[in-house]
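*Asks:* Data: model-v1.txt, compact mmCIF, C-alpha atoms.
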# COMPACT_ATOMS: atom_id res chain seq x y z
CA MET D 652 -103.15 9.87 -7.39
CA VAL D 653 -100.61 12.43 -8.63
CA ARG D 654 -97.75 13.24 -6.27
CA ARG D 655 -96.67 16.83 -6.08
CA ALA D 656 -93.03 17.61 -6.59
CA SER D 657 -91.24 18.54 -3.46
CA THR D 658 -90.74 22.25 -3.02
CA ASP D 659 -87.91 21.72 -0.49
CA SER D 660 -84.84 23.51 -1.97
CA THR D 661 -82.47 22.59 0.86
CA PRO D 662 -79.29 21.10 -0.74
CA ARG D 663 -78.48 17.60 0.20
CA PRO D 664 -75.32 17.23 2.28
CA GLN D 665 -72.41 16.00 0.20
CA ARG D 666 -70.21 13.18 1.31
CA PRO D 667 -66.78 14.37 2.44
CA LYS D 668 -64.06 13.67 -0.11
CA ARG D 669 -61.60 11.01 0.85
CA PRO D 670 -58.13 12.42 1.41
CA ALA D 671 -55.65 11.50 -1.29
CA PRO D 672 -53.32 8.71 -0.21
CA PRO D 673 -49.95 10.07 0.90
CA GLN D 674 -47.28 9.90 -1.76
CA PRO D 675 -44.33 7.70 -0.83
CA ARG D 676 -41.36 9.78 0.28
CA GLU D 677 -38.26 9.43 -1.85
CA LEU D 678 -35.48 7.79 0.11
CA SER D 679 -32.27 9.69 0.72
CA ASN D 680 -28.90 8.36 -0.39
CA PRO D 681 -27.94 7.18 3.13
CA GLU D 682 -31.29 5.39 3.49
CA ARG D 683 -30.94 3.66 0.13
CA LEU D 684 -27.38 2.58 0.87
CA THR D 685 -28.05 1.20 4.35
CA ARG D 686 -31.06 -0.73 3.01
CA PHE D 687 -28.90 -2.19 0.27
CA LEU D 688 -26.25 -3.17 2.83
CA ARG D 689 -28.92 -4.51 5.20
CA ILE D 690 -27.60 -2.34 8.01
CA LYS D 691 -30.05 -0.86 10.49
CA PRO D 692 -28.55 2.57 11.16
CA ARG D 693 -28.80 4.27 14.50
CA SER D 694 -27.82 7.58 12.94
CA LEU D 695 -28.06 8.20 9.20
CA GLU D 696 -25.87 11.27 9.55
CA PHE D 697 -22.73 9.15 9.81
CA TYR D 698 -23.53 7.66 6.41
CA ARG D 699 -24.51 11.03 4.95
CA ALA D 700 -21.07 12.34 5.91
CA ALA D 701 -19.38 9.22 4.51
CA LEU D 702 -21.05 9.82 1.14
CA THR D 703 -20.16 13.52 0.93
CA HIS D 704 -17.18 14.24 -1.27
CA ARG D 705 -15.34 17.45 -0.50
CA SER D 706 -16.59 18.94 -3.78
CA ALA D 707 -20.17 18.75 -2.48
CA ALA D 708 -19.73 19.47 1.24
CA GLY D 709 -22.14 22.19 2.38
CA VAL D 710 -23.65 22.62 -1.10
CA THR D 711 -27.41 23.19 -1.20
CA TYR D 712 -29.31 21.05 -3.69
CA LEU D 713 -32.98 21.18 -4.64
CA GLY D 714 -35.02 18.80 -2.51
CA SER D 715 -34.54 17.42 0.95
CA ASP D 716 -31.70 14.99 0.23
CA ARG D 717 -28.64 17.10 0.83
CA PRO D 718 -24.96 16.34 1.47
CA ALA D 719 -23.39 16.83 4.86
CA ALA D 720 -21.86 20.14 5.86
CA GLU D 721 -18.40 18.52 6.10
CA SER D 722 -16.70 16.14 3.71
CA ASN D 723 -15.96 12.45 4.29
CA GLU D 724 -12.22 13.01 4.78
CA ARG D 725 -12.23 12.58 8.57
CA LEU D 726 -14.26 9.38 8.28
CA GLU D 727 -11.86 8.24 5.55
CA PHE D 728 -8.98 8.65 8.04
CA LEU D 729 -10.83 6.60 10.66
CA GLY D 730 -11.96 3.93 8.22
CA ASP D 731 -8.42 3.49 6.91
CA ALA D 732 -7.22 2.67 10.43
CA VAL D 733 -10.13 0.32 11.18
CA LEU D 734 -9.80 -1.49 7.85
CA GLY D 735 -6.04 -1.90 8.29
CA SER D 736 -6.53 -3.31 11.78
CA ILE D 737 -9.15 -5.85 10.72
CA ALA D 738 -7.08 -6.89 7.69
CA ALA D 739 -3.99 -7.28 9.90
CA GLU D 740 -5.93 -9.49 12.33
CA GLU D 741 -7.21 -11.71 9.52
CA LEU D 742 -3.69 -12.07 8.06
CA PHE D 743 -2.17 -12.75 11.49
CA TYR D 744 -4.37 -15.81 12.07
CA ARG D 745 -4.51 -17.00 8.43
CA PHE D 746 -0.71 -17.02 7.97
CA PRO D 747 0.77 -18.03 11.35
CA ASP D 748 4.28 -18.64 9.97
CA GLU D 749 4.55 -15.44 7.93
CA PRO D 750 7.14 -12.92 9.22
CA GLU D 751 6.29 -9.28 9.86
CA GLY D 752 7.58 -8.07 6.49
CA GLY D 753 5.44 -10.53 4.56
CA LEU D 754 2.32 -9.65 6.55
CA THR D 755 2.96 -5.96 5.91
CA ARG D 756 3.23 -6.52 2.16
CA ARG D 757 0.03 -8.53 2.11
CA ARG D 758 -1.86 -5.92 4.12
CA SER D 759 -0.61 -3.23 1.73
CA ALA D 760 -2.01 -5.25 -1.18
CA ILE D 761 -5.39 -5.49 0.56
CA VAL D 762 -5.77 -1.78 1.32
CA ARG D 763 -4.29 -0.43 -1.91
CA THR D 764 -6.42 2.13 -3.75
CA GLU D 765 -7.27 -0.13 -6.67
CA GLN D 766 -8.60 -2.92 -4.42
CA LEU D 767 -10.73 -0.59 -2.32
CA ALA D 768 -12.09 1.05 -5.47
CA ALA D 769 -13.03 -2.40 -6.79
CA TRP D 770 -14.96 -3.18 -3.61
CA ALA D 771 -16.66 0.23 -3.81
CA ALA D 772 -17.66 -0.44 -7.43
CA GLU D 773 -19.06 -3.81 -6.41
CA LEU D 774 -21.35 -1.98 -3.96
CA ASN D 775 -22.23 0.55 -6.69
CA LEU D 776 -21.11 3.16 -4.19
CA ASP D 777 -20.81 5.94 -6.74
CA ALA D 778 -24.61 5.83 -7.17
CA TYR D 779 -25.00 7.10 -3.59
CA LEU D 780 -22.20 9.68 -3.46
CA TYR D 781 -22.78 13.41 -3.18
CA LEU D 782 -20.45 14.83 -5.82
CA ALA D 783 -20.22 18.17 -7.58
CA PRO D 784 -21.21 17.79 -11.27
CA GLY D 785 -17.64 18.42 -12.45
CA GLU D 786 -16.30 15.65 -10.21
CA ARG D 787 -18.94 13.22 -11.43
CA ALA D 788 -18.03 13.88 -15.05
CA SER D 789 -14.29 13.54 -14.55
CA GLU D 790 -12.68 10.12 -14.82
CA SER D 791 -9.31 11.23 -13.45
CA GLY D 792 -8.96 10.35 -9.81
CA ARG D 793 -12.03 8.10 -9.88
CA ASP D 794 -10.28 5.24 -8.09
CA ARG D 795 -9.10 7.60 -5.38
CA ILE D 796 -12.61 8.98 -4.85
CA MET D 797 -14.15 5.52 -4.73
CA ALA D 798 -11.48 4.13 -2.40
CA GLY D 799 -11.85 7.12 -0.09
CA ALA D 800 -15.63 6.67 0.00
CA PHE D 801 -15.21 2.99 0.88
CA GLU D 802 -12.88 3.84 3.77
CA ALA D 803 -15.30 6.56 4.92
CA LEU D 804 -18.15 4.03 4.84
CA VAL D 805 -16.11 1.70 7.04
CA GLY D 806 -15.59 4.58 9.46
CA ALA D 807 -19.33 5.37 9.47
CA ILE D 808 -20.31 1.76 10.18
CA TYR D 809 -17.74 1.61 12.98
CA LEU D 810 -19.07 4.76 14.67
CA ASP D 811 -22.71 3.84 14.13
CA ARG D 812 -22.80 0.10 14.85
CA GLY D 813 -19.47 -0.77 16.43
CA LEU D 814 -16.61 -3.13 15.72
CA THR D 815 -18.59 -6.38 15.39
CA VAL D 816 -20.81 -5.14 12.56
CA THR D 817 -17.83 -3.45 10.89
CA ARG D 818 -15.77 -6.63 10.99
CA LYS D 819 -18.67 -8.58 9.47
CA PHE D 820 -18.99 -6.02 6.67
CA ILE D 821 -15.27 -6.08 5.83
CA ASN D 822 -14.76 -9.81 6.17
CA LYS D 823 -17.57 -10.48 3.69
CA GLN D 824 -15.31 -9.10 0.95
CA LEU D 825 -11.96 -9.86 2.55
CA ARG D 826 -12.39 -13.58 3.17
CA ARG D 827 -13.80 -14.08 -0.31
CA ASP D 828 -10.94 -12.25 -2.07
CA ILE D 829 -7.94 -12.62 0.24
CA GLU D 830 -6.37 -15.58 -1.56
CA ARG D 831 -6.54 -13.79 -4.91
CA ILE D 832 -5.17 -10.59 -3.38
CA VAL D 833 -2.31 -12.39 -1.65
CA LEU D 834 -1.42 -14.30 -4.80
CA GLY D 835 -1.30 -11.03 -6.69
CA ALA D 836 0.74 -9.30 -4.01
CA ALA D 837 3.94 -10.63 -5.56
CA THR D 838 3.34 -8.52 -8.66
CA ALA D 839 1.34 -5.70 -7.07
CA ASN D 840 2.80 -2.49 -5.66
CA PRO D 841 6.02 -2.30 -7.69
CA LYS D 842 6.94 0.99 -5.97
CA GLY D 843 6.90 -0.74 -2.60
CA ARG D 844 8.90 -3.72 -3.87
CA LEU D 845 11.52 -1.48 -5.49
CA GLN D 846 11.91 0.58 -2.34
CA GLU D 847 12.12 -2.55 -0.19
CA LEU D 848 14.91 -3.86 -2.44
CA THR D 849 17.01 -0.69 -2.37
CA GLN D 850 16.43 -0.12 1.34
CA ASN D 851 17.43 -3.65 2.24
CA LEU D 852 20.59 -3.52 0.13
CA PHE D 853 21.76 0.06 0.59
CA ARG D 854 19.45 1.81 3.10
CA ARG D 855 18.48 4.22 0.31
CA ALA D 856 15.15 4.84 -1.43
CA PRO D 857 14.51 5.54 -5.12
CA VAL D 858 13.34 8.99 -6.19
CA TYR D 859 10.59 9.74 -8.72
CA ARG D 860 10.66 12.76 -11.00
CA THR D 861 7.83 13.92 -13.29
CA MET D 862 9.36 14.50 -16.70
CA ASN D 863 6.26 15.51 -18.66
CA ALA D 864 2.50 16.08 -18.30
CA GLU D 865 0.30 16.45 -21.36
CA GLY D 866 -3.40 16.66 -22.23
CA PRO D 867 -6.48 18.43 -20.84
CA PRO D 868 -7.29 18.23 -17.11
CA HIS D 869 -9.80 15.40 -17.58
CA SER D 870 -7.37 13.28 -19.66
CA ARG D 871 -3.80 13.86 -18.50
CA HIS D 872 -0.82 11.76 -19.55
CA PHE D 873 2.26 11.69 -17.32
CA THR D 874 5.83 10.54 -17.88
CA VAL D 875 7.87 9.78 -14.75
CA GLU D 876 11.50 8.81 -14.30
CA VAL D 877 12.73 6.78 -11.33
CA ARG D 878 16.28 7.40 -10.13
CA PHE D 879 18.51 5.68 -7.64
CA ASN D 880 21.50 7.46 -6.14
CA GLY D 881 20.95 10.19 -8.73
CA ILE D 882 21.18 7.79 -11.71
CA PRO D 883 18.12 7.13 -13.95
CA LEU D 884 16.84 3.57 -13.72
CA ALA D 885 13.72 3.60 -15.92
CA GLU D 886 10.76 5.63 -17.17
CA GLY D 887 7.03 4.97 -17.01
CA THR D 888 3.83 6.55 -18.29
CA GLY D 889 0.26 6.67 -17.03
CA SER D 890 -2.97 8.65 -16.74
CA SER D 891 -1.94 9.85 -13.26
CA LYS D 892 1.35 10.49 -11.49
CA ARG D 893 0.77 7.44 -9.32
CA ALA D 894 0.16 5.20 -12.33
CA ALA D 895 3.24 6.58 -14.09
CA GLU D 896 5.37 6.02 -10.98
CA GLU D 897 4.10 2.42 -10.72
CA SER D 898 4.96 1.91 -14.38
CA ALA D 899 8.46 3.32 -13.88
CA ALA D 900 9.04 1.15 -10.80
CA SER D 901 7.86 -1.94 -12.68
CA ALA D 902 10.25 -1.15 -15.54
CA ALA D 903 13.10 -0.67 -13.05
CA LEU D 904 12.37 -4.05 -11.44
CA ASP D 905 12.38 -5.69 -14.86
CA ARG D 906 15.77 -4.12 -15.59
CA ILE D 907 17.21 -5.24 -12.25
CA SER D 908 15.84 -8.75 -12.82
CA ARG D 909 17.49 -8.84 -16.25
CA ASP D 910 20.84 -7.28 -15.29
CA GLY D 911 21.04 -8.47 -11.69
CA ALA D 912 21.46 -6.58 -8.42
CA GLU D 913 24.98 -5.76 -9.56
CA LEU D 914 23.37 -2.92 -11.49
CA LEU D 915 22.53 -1.18 -8.22
CA VAL D 916 25.97 -1.93 -6.83
CA GLU D 917 27.56 -0.26 -9.85
CA ILE D 918 25.32 2.78 -9.41
CA VAL D 919 26.18 3.14 -5.73
CA THR D 920 29.91 2.71 -6.26
CA ALA D 921 30.11 4.86 -9.39
As structure tokens, how would this structure be written, given the file I've shared?

*Replies:*
Amino acid sequence: MVRRASTDSTPRPQRPKRPAPPQPRELSNPERLTRFLRIKPRSLEFYRAALTHRSAAGVTYLGSDRPAAESNERLEFLGDAVLGSIAAEELFYRFPDEPEGGLTRRRSAIVRTEQLAAWAAELNLDAYLYLAPGERASESGRDRIMAGAFEALVGAIYLDRGLTVTRKFINKQLRRDIERIVLGAATANPKGRLQELTQNLFRRAPVYRTMNAEGPPHSRHFTVEVRFNGIPLAEGTGSSKRAAEESAASAALDRISRDGAELLVEIVTA
């Protein structure tokens, strides 16, 4: 028996298309950083502000990951105070026989720009910063930017999670590196050591004078002279005024070590 072909022209219902799986959302800089640090943030906005350099504050970028409206400078101020307090507490208990002056010098070595920048680099903090393109390309002032961001991060953790979490974050680096930092404190901060010497002997501070500045903005070279009681002691050079001043102070200390403190006495009584 031959079957007739169906004359029903009604289209068969099509199966509904499955919706495409949602694409994973790209994490923002504060989210990536807090995940890396294993911190569960209560408010990401503290960290967004901590990562916003003044060159990028309020700037609109393409995409949803944008810097904060204000820079990290206020958080940097807070973080500096919190970091100094926690470092002072650690030094107080670790060195029970150290006088106030020695503790101050050791704390200064801990919170100096170069040390904070090293900790920031260890965290790869520059990969999370909101910076204007010109700032990102420039190497001058990099340590200052990185150190400021580290202090701002400390301030953000303190506001977001409190003192206990902040102390844990700082002590992870501090207790590992404190012996090395303290051992290096004797040779670190020559400006501070020179000023301490002249203040203790004569109640007078040295004065630094920029003698020359050469090169393009992204690669400057400074020459600085340090004077005491109006008399030149030494000169130093560096890629920033701070570095040149440190170099000059170090040269002055070498000269005083070679010629004796009588050199300063002669200058004062001249």

*Asks:* Which distance in Å separates CA of Leu734 in chain D and CA of Arg831 in chain D, to one decimal?

*Replies:*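 We find that CA of Leu734 in chain D and CA of Arg831 in chain D lie 18.0 Å from each other.
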
*Asks:* Fewer than 3 positions away in the same chain doesn't count, so skip those; otherwise give me all residues within 12 Å of Ala760 in chain D, counting all atoms listed in the file, as an MDAnalysis selection string.

*Replies:* chainID D and resid 735 738:739 742 753:757 763:767 825 828:844

*Asks:* Only C-alpha atoms, please: the residues just picked out, written as a PDB file, in the frame of the given file.

*Replies:*
ATOM      1  CA  GLY D 735      -6.040  -1.900   8.290  1.00  0.00           C
ATOM      2  CA  ALA D 738      -7.080  -6.890   7.690  1.00  0.00           C
ATOM      3  CA  ALA D 739      -3.990  -7.280   9.900  1.00  0.00           C
ATOM      4  CA  LEU D 742      -3.690 -12.070   8.060  1.00  0.00           C
ATOM      5  CA  GLY D 753       5.440 -10.530   4.560  1.00  0.00           C
ATOM      6  CA  LEU D 754       2.320  -9.650   6.550  1.00  0.00           C
ATOM      7  CA  THR D 755       2.960  -5.960   5.910  1.00  0.00           C
ATOM      8  CA  ARG D 756       3.230  -6.520   2.160  1.00  0.00           C
ATOM      9  CA  ARG D 757       0.030  -8.530   2.110  1.00  0.00           C
ATOM     10  CA  ARG D 763      -4.290  -0.430  -1.910  1.00  0.00           C
ATOM     11  CA  THR D 764      -6.420   2.130  -3.750  1.00  0.00           C
ATOM     12  CA  GLU D 765      -7.270  -0.130  -6.670  1.00  0.00           C
ATOM     13  CA  GLN D 766      -8.600  -2.920  -4.420  1.00  0.00           C
ATOM     14  CA  LEU D 767     -10.730  -0.590  -2.320  1.00  0.00           C
ATOM     15  CA  LEU D 825     -11.960  -9.860   2.550  1.00  0.00           C
ATOM     16  CA  ASP D 828     -10.940 -12.250  -2.070  1.00  0.00           C
ATOM     17  CA  ILE D 829      -7.940 -12.620   0.240  1.00  0.00           C
ATOM     18  CA  GLU D 830      -6.370 -15.580  -1.560  1.00  0.00           C
ATOM     19  CA  ARG D 831      -6.540 -13.790  -4.910  1.00  0.00           C
ATOM     20  CA  ILE D 832      -5.170 -10.590  -3.380  1.00  0.00           C
ATOM     21  CA  VAL D 833      -2.310 -12.390  -1.650  1.00  0.00           C
ATOM     22  CA  LEU D 834      -1.420 -14.300  -4.800  1.00  0.00           C
ATOM     23  CA  GLY D 835      -1.300 -11.030  -6.690  1.00  0.00           C
ATOM     24  CA  ALA D 836       0.740  -9.300  -4.010  1.00  0.00           C
ATOM     25  CA  ALA D 837       3.940 -10.630  -5.560  1.00  0.00           C
ATOM     26  CA  THR D 838       3.340  -8.520  -8.660  1.00  0.00           C
ATOM     27  CA  ALA D 839       1.340  -5.700  -7.070  1.00  0.00           C
ATOM     28  CA  ASN D 840       2.800  -2.490  -5.660  1.00  0.00           C
ATOM     29  CA  PRO D 841       6.020  -2.300  -7.690  1.00  0.00           C
ATOM     30  CA  LYS D 842       6.940   0.990  -5.970  1.00  0.00           C
ATOM     31  CA  GLY D 843       6.900  -0.740  -2.600  1.00  0.00           C
ATOM     32  CA  ARG D 844       8.900  -3.720  -3.870  1.00  0.00           C
TER      33      ARG D 844
END

*Asks:* Quote the spacing between CA of Ser870 in chain D and CA of Gly792 in chain D in Å to one decimal place.

*Replies:*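 Taking CA of Ser870 in chain D and CA of Gly792 in chain D, their separation equals 10.4 Å.
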
*Asks:* Go ahead and compute the interatomic distance for CA of Leu780 in chain D and CA of His704 in chain D, in Å to one decimal.

*Replies:*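 Between CA of Leu780 in chain D and CA of His704 in chain D the gap works out to 7.1 Å.
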
*Asks:* Of the candidates D:Arg689, D:Pro784, D:Glu677, D:Leu852, which one gets nearest to Glu913 in chain D if we count only C-alpha atoms?

*Replies:*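 Checking each candidate against Glu913 in chain D, we get D:Leu852 as the closest.
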
*Asks:* Please determine, counting all atoms listed in the file, which residue among D:Arg725, D:Lys892, D:Arg693, D:Arg855 has the shortest atom-to-atom distance to Gly799 in chain D.

*Replies:* D:Arg725

*Asks:* Within 12 Å of Asp811 in chain D, counting all atoms listed in the file, which residues qualify if same-chain residues fewer than 6 places away don't, as a list in words?

*Replies:*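 Here the qualifying residues turn out to be Thr685, Ile690, Lys691, Pro692, Arg693, Ser694, Leu695, Glu696, Phe697, Tyr698, Arg699, Ala700, Ala701, Leu726, Leu804, Val805 and Thr817 of chain D.
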
*Asks:* May I ask which of the residues D:Gly785, D:Pro750, D:Gly730, D:Pro857 is the closest one to Glu802 in chain D, counting all atoms listed in the file?

*Replies:* D:Gly730

*Asks:* List the spatial neighbours of Ile882 in chain D as a short mmCIF file (atom, residue, chain, number, x, y, z; two decimals) with C-alpha atoms, keeping the file's coordinate frame - criterion: any atom at most 10 Å away, all atoms listed in the file, same-chain residues fewer than 4 positions off excluded.

*Replies:*
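After the write, part_13.cif holds the following:
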data_model
loop_
_atom_site.label_atom_id
_atom_site.label_comp_id
_atom_site.auth_asym_id
_atom_site.auth_seq_id
_atom_site.Cartn_x
_atom_site.Cartn_y
_atom_site.Cartn_z
CA PRO D 857 14.51 5.54 -5.12
CA VAL D 858 13.34 8.99 -6.19
CA VAL D 877 12.73 6.78 -11.33
CA ARG D 878 16.28 7.40 -10.13
CA LEU D 915 22.53 -1.18 -8.22
CA ILE D 918 25.32 2.78 -9.41
CA VAL D 919 26.18 3.14 -5.73
CA ALA D 921 30.11 4.86 -9.39
#

*Asks:* Within 8 Å of Ala720 in chain D, counting only C-alpha atoms, which residues qualify if same-chain residues fewer than 3 places away don't, as a PyMOL selection string?

*Replies:* chain D and resi 700+708-710

*Asks:* Of the candidates D:Arg826, D:Arg812, D:Arg683, D:Arg758, which one gets nearest to Leu774 in chain D if we count only C-alpha atoms?

*Replies:* D:Arg683

*Asks:* Which residue gives the smallest distance to Thr711 in chain D among D:Ile808, D:Glu740, D:Arg893, D:Leu782, with only C-alpha atoms counted?

*Replies:*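 Ranked by minimum distance to Thr711 in chain D, first place goes to D:Leu782.
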